[in-house]
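Q: My structure is in work_22.cif, and what it holds is mmCIF, C-alpha atoms and all ligand atoms:
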data_work
loop_
_atom_site.label_atom_id
_atom_site.label_comp_id
_atom_site.auth_asym_id
_atom_site.auth_seq_id
_atom_site.Cartn_x
_atom_site.Cartn_y
_atom_site.Cartn_z
CA MET A 131 -121.50 -140.08 -162.02
CA GLY A 132 -122.39 -136.39 -162.65
CA GLU A 133 -125.69 -135.15 -163.98
CA GLU A 134 -126.31 -135.56 -167.73
CA PRO A 135 -125.91 -132.19 -169.58
CA ILE A 136 -129.08 -132.84 -171.62
CA LYS A 137 -132.27 -133.90 -169.88
CA LYS A 138 -135.64 -134.46 -171.54
CA ILE A 139 -138.51 -132.53 -169.98
CA SER A 140 -142.17 -132.09 -170.76
CA GLU A 141 -143.63 -128.73 -171.78
CA ASN A 142 -145.17 -128.07 -168.38
CA GLU A 143 -142.56 -129.58 -166.10
CA PRO A 144 -141.06 -126.98 -163.73
CA PHE A 145 -137.29 -126.52 -163.38
CA HIS A 146 -135.11 -124.03 -161.53
CA PHE A 147 -133.71 -121.34 -163.82
CA ASP A 148 -133.27 -117.61 -164.00
CA CYS A 149 -131.07 -115.32 -166.04
CA GLN A 150 -130.67 -111.67 -165.10
CA ARG A 151 -127.91 -109.17 -164.48
CA GLU A 152 -127.28 -110.39 -160.90
CA VAL A 153 -126.23 -113.95 -161.87
CA PRO A 154 -122.45 -114.47 -161.41
CA CYS A 155 -122.12 -115.74 -164.99
CA PHE A 156 -123.77 -112.65 -166.52
CA ASN A 157 -122.70 -112.28 -170.20
CA LEU A 158 -120.53 -115.45 -170.13
CA CYS A 159 -122.73 -117.16 -172.71
CA CYS A 160 -122.22 -114.24 -175.14
CA ARG A 161 -118.59 -115.31 -175.65
CA ASP A 162 -116.96 -118.19 -177.47
CA LEU A 163 -119.57 -117.67 -180.12
CA ASN A 164 -120.82 -120.20 -182.62
CA LYS A 165 -124.24 -118.80 -183.31
CA PHE A 166 -126.43 -119.69 -186.28
CA LEU A 167 -128.91 -117.06 -187.42
CA THR A 168 -132.25 -117.99 -188.92
CA PRO A 169 -133.90 -115.86 -191.64
CA TYR A 170 -136.29 -114.38 -189.07
CA ASP A 171 -133.39 -113.59 -186.69
CA ILE A 172 -131.79 -111.59 -189.49
CA ILE A 173 -134.97 -109.61 -190.16
CA ARG A 174 -135.28 -108.70 -186.47
CA LEU A 175 -131.61 -107.76 -186.10
CA LYS A 176 -131.21 -105.73 -189.29
CA ASN A 177 -134.40 -103.81 -188.53
CA HIS A 178 -133.26 -103.21 -184.95
CA LEU A 179 -130.02 -101.75 -186.33
CA ASN A 180 -131.94 -99.92 -189.06
CA MET A 181 -129.70 -101.42 -191.71
CA PRO A 182 -130.34 -102.91 -195.15
CA SER A 183 -130.02 -106.70 -195.08
CA ARG A 184 -126.97 -106.74 -197.39
CA LEU A 185 -125.00 -104.39 -195.12
CA PHE A 186 -126.02 -106.35 -192.02
CA LEU A 187 -124.93 -109.63 -193.64
CA GLU A 188 -121.58 -108.17 -194.75
CA ARG A 189 -120.79 -106.51 -191.46
CA TYR A 190 -121.99 -109.04 -188.91
CA THR A 191 -122.22 -112.48 -190.47
CA GLU A 192 -120.40 -115.25 -192.28
CA THR A 193 -121.94 -117.54 -194.87
CA HIS A 194 -121.15 -121.27 -194.97
CA ILE A 195 -122.52 -124.18 -196.91
CA GLY A 196 -124.23 -126.81 -194.75
CA PRO A 197 -122.29 -130.10 -195.11
CA GLN A 198 -125.46 -132.17 -195.39
CA THR A 199 -128.07 -129.81 -196.82
CA ARG A 200 -125.63 -128.02 -199.20
CA LEU A 201 -127.70 -124.90 -198.47
CA PRO A 202 -126.21 -121.56 -197.35
CA VAL A 203 -126.20 -121.14 -193.56
CA ILE A 204 -125.41 -117.93 -191.71
CA THR A 205 -123.45 -117.48 -188.49
CA LEU A 206 -122.83 -114.37 -186.43
CA LYS A 207 -119.26 -113.10 -186.78
CA SER A 208 -117.52 -113.06 -183.40
CA GLY A 209 -115.05 -110.44 -182.18
CA ALA A 210 -111.40 -110.87 -183.16
CA GLY A 211 -110.15 -111.31 -179.55
CA ASN A 212 -109.47 -114.60 -177.74
CA GLU A 213 -112.90 -114.55 -176.14
CA ARG A 214 -114.69 -114.55 -179.51
CA GLU A 215 -117.44 -112.41 -178.03
CA CYS A 216 -120.72 -111.47 -179.69
CA PRO A 217 -120.57 -108.10 -181.54
CA PHE A 218 -123.66 -107.00 -179.59
CA VAL A 219 -122.54 -107.73 -176.03
CA THR A 220 -121.77 -104.79 -173.70
CA PRO A 221 -120.79 -104.69 -170.00
CA PHE A 222 -124.47 -103.94 -169.32
CA GLY A 223 -125.85 -106.85 -171.33
CA CYS A 224 -127.18 -107.37 -174.82
CA SER A 225 -127.42 -104.18 -176.91
CA VAL A 226 -130.03 -105.74 -179.23
CA TYR A 227 -132.02 -107.40 -176.43
CA GLU A 228 -135.54 -106.72 -177.82
CA ASP A 229 -134.51 -108.35 -181.11
CA ARG A 230 -131.91 -110.91 -179.97
CA PRO A 231 -131.74 -114.14 -181.98
CA SER A 232 -133.88 -117.18 -181.25
CA SER A 233 -131.00 -119.28 -179.90
CA CYS A 234 -130.23 -116.59 -177.27
CA ARG A 235 -133.88 -116.66 -176.22
CA THR A 236 -134.31 -120.40 -176.21
CA TYR A 237 -131.37 -121.40 -173.97
CA PRO A 238 -131.50 -123.44 -171.68
CA ILE A 239 -134.31 -125.21 -173.57
CA ILE A 240 -133.74 -127.39 -176.60
CA ARG A 241 -136.89 -127.54 -178.74
CA ILE A 242 -137.05 -130.44 -181.18
CA LEU A 243 -139.65 -130.41 -183.95
CA SER A 244 -140.34 -133.64 -185.81
CA ARG A 245 -143.01 -134.70 -188.24
CA ASN A 246 -144.56 -138.12 -188.77
CA GLN A 247 -143.57 -139.10 -192.34
CA GLU A 248 -146.95 -140.76 -193.07
CA SER A 249 -149.49 -138.60 -191.26
CA GLY A 250 -147.47 -135.34 -191.39
CA GLU A 251 -148.42 -134.80 -187.72
CA ARG A 252 -146.08 -132.39 -185.87
CA ARG A 253 -144.45 -133.36 -182.61
CA ILE A 254 -142.52 -130.98 -180.38
CA GLN A 255 -140.25 -132.29 -177.65
CA TYR A 256 -138.20 -130.40 -175.10
CA ALA A 257 -134.95 -130.91 -173.26
CA LEU A 258 -132.80 -128.85 -170.89
CA LEU A 259 -129.17 -128.17 -171.74
CA LYS A 260 -127.06 -127.68 -168.59
CA GLU A 261 -123.79 -126.03 -169.55
CA PRO A 262 -121.13 -126.02 -166.80
CA HIS A 263 -120.57 -122.23 -166.89
CA CYS A 264 -124.28 -121.41 -166.54
CA ARG A 265 -125.32 -120.62 -162.96
CA GLY A 266 -128.91 -119.92 -163.96
CA PHE A 267 -129.85 -123.41 -162.75
CA GLU A 268 -128.84 -122.46 -159.18
CA GLN A 269 -131.47 -119.71 -158.97
CA SER A 270 -134.63 -120.17 -156.93
CA ARG A 271 -137.13 -119.23 -159.66
CA GLN A 272 -139.14 -122.12 -161.05
CA VAL A 273 -140.36 -122.05 -164.62
CA THR A 274 -141.69 -124.48 -167.27
CA ALA A 275 -140.55 -124.74 -170.89
CA ARG A 276 -143.86 -123.20 -172.04
CA GLU A 277 -143.54 -120.31 -169.58
CA TRP A 278 -139.91 -119.74 -170.55
CA MET A 279 -140.67 -119.57 -174.25
CA THR A 280 -143.63 -117.25 -173.80
CA GLY A 281 -141.60 -114.99 -171.49
CA GLN A 282 -138.77 -114.85 -174.05
CA GLY A 283 -141.15 -113.81 -176.86
CA LEU A 284 -140.31 -116.94 -178.84
CA ASP A 285 -143.67 -117.64 -180.48
CA PRO A 286 -143.08 -115.58 -183.69
CA PHE A 287 -139.50 -116.91 -183.92
CA ASN A 288 -140.66 -120.53 -183.55
CA GLU A 289 -143.40 -120.04 -186.15
CA MET A 290 -140.97 -118.69 -188.78
CA ASN A 291 -138.14 -121.08 -187.86
CA ASP A 292 -140.50 -124.05 -188.17
CA LEU A 293 -141.43 -122.91 -191.70
CA MET A 294 -137.71 -122.79 -192.53
CA MET A 295 -137.20 -126.32 -191.13
CA GLY A 296 -140.04 -127.48 -193.40
CA ILE A 297 -138.24 -126.03 -196.47
CA ILE A 298 -134.95 -127.68 -195.49
CA SER A 299 -136.66 -131.08 -194.95
CA LEU A 300 -138.37 -130.76 -198.35
CA LYS A 301 -135.05 -129.96 -200.03
CA ASN A 302 -133.35 -132.90 -198.31
CA ARG A 303 -136.13 -135.24 -199.39
CA ASN A 304 -136.49 -134.11 -203.01
CA MET A 305 -133.06 -132.73 -203.88
CA PRO A 306 -130.52 -134.49 -201.65
CA GLY A 307 -126.85 -133.58 -202.06
CA TYR A 308 -125.45 -131.15 -204.61
CA LEU A 309 -127.16 -127.85 -205.48
CA ASN A 310 -126.11 -125.62 -208.35
CA ASP A 311 -124.97 -122.05 -207.71
CA ASP A 312 -128.16 -120.50 -209.11
CA VAL A 313 -130.33 -122.34 -206.58
CA LYS A 314 -127.95 -121.48 -203.73
CA ARG A 315 -128.05 -117.80 -204.72
CA LEU A 316 -131.84 -117.86 -205.00
CA PHE A 317 -132.19 -119.52 -201.57
CA PHE A 318 -129.79 -116.97 -200.02
CA THR A 319 -131.70 -113.98 -201.42
CA LEU A 320 -135.20 -115.26 -200.67
CA CYS A 321 -134.33 -116.33 -197.12
CA TYR A 322 -131.64 -113.95 -195.92
CA ASP A 323 -131.35 -110.85 -198.09
CA MET A 324 -134.86 -109.38 -197.90
CA ASP A 325 -133.93 -105.94 -199.18
CA ALA A 326 -132.25 -107.32 -202.32
CA PHE A 327 -135.28 -109.57 -202.87
CA ARG A 328 -137.61 -106.58 -202.50
CA ALA A 329 -135.51 -104.46 -204.84
CA GLY A 330 -136.24 -107.00 -207.56
CA GLY A 331 -132.80 -108.54 -207.89
CA CYS A 332 -134.11 -112.08 -207.88
CA LYS A 333 -134.30 -114.36 -210.87
CA SER A 334 -135.45 -117.96 -210.99
CA GLY A 335 -135.15 -120.10 -214.12
CA GLY A 336 -134.48 -116.96 -216.21
CA ARG A 337 -137.63 -115.19 -214.89
CA PHE A 338 -137.85 -112.37 -212.36
CA ILE A 339 -139.98 -113.31 -209.38
CA GLU A 340 -142.96 -110.98 -209.19
CA ILE A 341 -143.67 -109.93 -205.61
CA PRO A 342 -147.34 -109.22 -204.76
CA ASP A 343 -148.06 -105.70 -203.41
CA SER A 344 -149.65 -107.30 -200.32
CA VAL A 345 -146.29 -108.56 -199.02
CA ILE A 346 -143.74 -106.15 -200.42
CA ASP A 347 -143.65 -103.70 -197.49
CA ASP A 348 -143.37 -106.23 -194.68
CA ASP A 349 -140.18 -108.26 -194.21
CA THR A 350 -141.88 -111.15 -192.40
CA ASN A 351 -144.59 -111.51 -195.04
CA LEU A 352 -141.98 -111.18 -197.77
CA LEU A 353 -140.00 -114.01 -196.13
CA ARG A 354 -143.17 -116.13 -195.95
CA PHE A 355 -143.73 -115.47 -199.67
CA GLY A 356 -140.10 -116.33 -200.51
CA MET A 357 -140.25 -119.59 -198.55
CA ALA A 358 -143.55 -120.55 -200.22
CA TYR A 359 -141.91 -119.83 -203.61
CA LEU A 360 -139.00 -122.14 -202.77
CA GLU A 361 -141.42 -124.81 -201.56
CA GLN A 362 -143.67 -124.70 -204.62
CA ASN A 363 -141.27 -123.85 -207.44
CA VAL A 364 -137.84 -125.08 -206.46
CA PHE A 365 -137.77 -127.90 -203.91
CA SER A 366 -141.03 -129.64 -204.76
CA ILE A 367 -139.38 -131.05 -207.88
CA THR A 368 -137.96 -134.50 -207.20
CA VAL A 369 -134.55 -135.13 -208.78
S1 LIG A 401 -127.22 -111.31 -179.39
FE1 LIG A 401 -127.25 -110.54 -177.31
S2 LIG A 401 -127.88 -112.28 -176.01
FE2 LIG A 401 -127.23 -113.10 -178.03
S3 LIG A 401 -125.06 -113.63 -177.80
FE3 LIG A 401 -125.16 -111.54 -178.58
S4 LIG A 401 -125.11 -110.19 -176.78
FE4 LIG A 401 -125.61 -112.27 -176.09
S1 LIG A 402 -124.60 -118.35 -168.57
FE1 LIG A 402 -126.78 -118.88 -168.16
S2 LIG A 402 -127.47 -117.64 -166.41
FE2 LIG A 402 -125.47 -116.85 -167.13
S3 LIG A 402 -126.05 -115.15 -168.44
FE3 LIG A 402 -125.85 -116.95 -169.76
S4 LIG A 402 -127.88 -117.94 -169.85
FE4 LIG A 402 -127.89 -116.43 -168.19
#
For this file, write the structure as structure tokens.
Ligand code: SF4
Ligand code: SF4
A:
Amino acid sequence: MGEEPIKKISENEPFHFDCQREVPCFNLCCRDLNKFLTPYDIIRLKNHLNMPSRLFLERYTETHIGPQTRLPVITLKSGAGNERECPFVTPFGCSVYEDRPSSCRTYPIIRILSRNQESGERRIQYALLKEPHCRGFEQSRQVTAREWMTGQGLDPFNEMNDLMMGIISLKNRNMPGYLNDDVKRLFFTLCYDMDAFRAGGCKSGGRFIEIPDSVIDDDTNLLRFGMAYLEQNVFSITV
């Protein structure tokens, strides 16, 4: 029997992996795209491209409704060709490398966050995903999950993505199933369309949401504020 594609590992367990321009599979994982973008990914990418969030979303993404959560989810639009390549891939690598999305940084690690329902205690587990096309596992470099994530600059992504997971869990617990269009629109603007949110185009329950001066100029703080608003004013209400 062949090796399992997913293998649990501990945070400090070394494994062989490296990814750089010399690997024979260079850029292969930037094709056949099915890439979800988190709210923080969108902030990093639209700022890298110096674009308002609405234009970035229209040009580079597609919006779907999650089959279980019923919340809007965003994926990166792939190229029209057979290879369905990422819009940011070039023969020399990733053109948005400094601000590439969290999933591009995290591979080959799978990071699973869970919370004890009674104590609320957080637990993070790790696994390795070995995809057949990826030759990174044949490289001599040894690295641990912790070292990989630090090296990939994942700490700010994980912090913001974990907050988002908390909002989704709260919604699933308190408002399972159907969501009306107003709530979907509000969620989309507060999580994904920072520049529309900042411009004041956001209403909730007939009231405009007042944004404090302390967060208005910083996309990440504005996202934190928007997620806290959803947590306290929208999804905390049990239906
Ligand atoms: S964003 Fe960069 S690393 Fe991620 S799939 Fe696209 S080209 Fe590849
Ligand atoms: S397939 Fe693996 S080793 Fe090759 S470029 Fe992608 S992540 Fe790196």
Q: Counting all atoms listed in the file, figure out which residue out of A:Glu268, A:Glu141, A:Asp292, A:Glu261 gets nearest to A:Ser244.
A: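 Among the listed residues, A:Asp292 lies closest to A:Ser244.
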Q: Hey, can you pull every residue with an atom no more than 12 Å from (-130.1, -126.0, -204.7), using only C-alpha atoms, and send it as a ChimeraX atom specification?
A: /A:195-196,199-202,297-298,300-302,304-318,334,360-361,363-369
Q: Output as a tab-separated table one row per residue of chain A within 9 Å of ligand LIG 401 (chain A): the closest atom pair and its distance in Å to one decimal place, counting all atoms listed in the file, sorted by chain and residue number ascending.
A:
residue	atom	partner	partner_atom	distance
A:Asn157	CA	A:LIG401	FE4	6.6
A:Leu158	CA	A:LIG401	FE4	8.5
A:Cys159	CA	A:LIG401	FE4	6.6
A:Cys160	CA	A:LIG401	S3	3.9
A:Arg161	CA	A:LIG401	S3	7.0
A:Leu163	CA	A:LIG401	S3	7.2
A:Lys165	CA	A:LIG401	S3	7.6
A:Leu175	CA	A:LIG401	S1	8.8
A:Leu206	CA	A:LIG401	FE3	8.7
A:Glu215	CA	A:LIG401	S3	7.7
A:Cys216	CA	A:LIG401	FE3	4.6
A:Pro217	CA	A:LIG401	FE3	6.5
A:Phe218	CA	A:LIG401	S4	4.5
A:Val219	CA	A:LIG401	S4	3.6
A:Thr220	CA	A:LIG401	S4	7.1
A:Gly223	CA	A:LIG401	S4	6.4
A:Cys224	CA	A:LIG401	S4	4.0
A:Ser225	CA	A:LIG401	FE1	6.4
A:Val226	CA	A:LIG401	FE1	5.9
A:Tyr227	CA	A:LIG401	FE1	5.8
A:Asp229	CA	A:LIG401	S1	8.1
A:Arg230	CA	A:LIG401	S1	4.7
A:Pro231	CA	A:LIG401	S1	5.9
A:Ser232	CA	A:LIG401	FE2	8.4
A:Ser233	CA	A:LIG401	FE2	7.5
A:Cys234	CA	A:LIG401	FE2	4.7
A:Arg235	CA	A:LIG401	S2	7.4
Q: With all atoms listed in the file as the atoms that count, which of A:Leu259, A:Leu243, A:Cys264, A:Ile139 lies nearest to ligand LIG 402 (chain A)?
A: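 For ligand LIG 402 (chain A), the nearest of the candidates is A:Cys264.
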Q: At a cut-off of 7 Å and counting only C-alpha atoms and all ligand atoms, what residues surround ligand LIG 402 (chain A)? Please answer as a PyMOL selection string.
A: chain A and resi 148-150+153-159+237-238+263-266
Q: If you measure from atom CA of A:Leu293 to atom CA of A:Thr280, what distance in Å do you get, rounded to one decimal?
A: 18.9 Å
Q: Can you tell me, as AutoDock Vina command-line options, the centre and edge lengths (Å, one decimal) of the axis-aligned box enclosing all of stretch 339-353 of chain A's listed atoms after padding each side by 8 Å?
A:
--center_x -144.8 --center_y -108.9 --center_z -200.9 --size_x 25.7 --size_y 26.3 --size_z 33.0
Q: Just give me the gap between atom CA of A:Leu179 and atom CA of A:Asp162 in Å, one decimal is fine.
A: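 Going from atom CA of A:Leu179 over to atom CA of A:Asp162 covers 22.8 Å.
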Q: Counting all atoms listed in the file, what is within 10 Å of A:Ser183, bar same-chain residues fewer than 3 positions away, as a list in words?
A: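 Once the adjacent positions are removed, what remains is Ile172, Ile173, Leu175, Lys176, Asn177, Asn180, Phe186, Leu187, Glu188, Arg189, Thr319, Tyr322, Asp323, Met324, Asp325, Ala326 and Phe327 of chain A.
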Q: Write the residues you've just listed into a file as a PDB file, in the frame of the given file, and include C-alpha atoms for each of them.
A:
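What landed in out-v9.pdb:
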ATOM      1  CA  ILE A 172    -131.790-111.590-189.490  1.00  0.00           C
ATOM      2  CA  ILE A 173    -134.970-109.610-190.160  1.00  0.00           C
ATOM      3  CA  LEU A 175    -131.610-107.760-186.100  1.00  0.00           C
ATOM      4  CA  LYS A 176    -131.210-105.730-189.290  1.00  0.00           C
ATOM      5  CA  ASN A 177    -134.400-103.810-188.530  1.00  0.00           C
ATOM      6  CA  ASN A 180    -131.940 -99.920-189.060  1.00  0.00           C
ATOM      7  CA  PHE A 186    -126.020-106.350-192.020  1.00  0.00           C
ATOM      8  CA  LEU A 187    -124.930-109.630-193.640  1.00  0.00           C
ATOM      9  CA  GLU A 188    -121.580-108.170-194.750  1.00  0.00           C
ATOM     10  CA  ARG A 189    -120.790-106.510-191.460  1.00  0.00           C
ATOM     11  CA  THR A 319    -131.700-113.980-201.420  1.00  0.00           C
ATOM     12  CA  TYR A 322    -131.640-113.950-195.920  1.00  0.00           C
ATOM     13  CA  ASP A 323    -131.350-110.850-198.090  1.00  0.00           C
ATOM     14  CA  MET A 324    -134.860-109.380-197.900  1.00  0.00           C
ATOM     15  CA  ASP A 325    -133.930-105.940-199.180  1.00  0.00           C
ATOM     16  CA  ALA A 326    -132.250-107.320-202.320  1.00  0.00           C
ATOM     17  CA  PHE A 327    -135.280-109.570-202.870  1.00  0.00           C
TER      18      PHE A 327
END
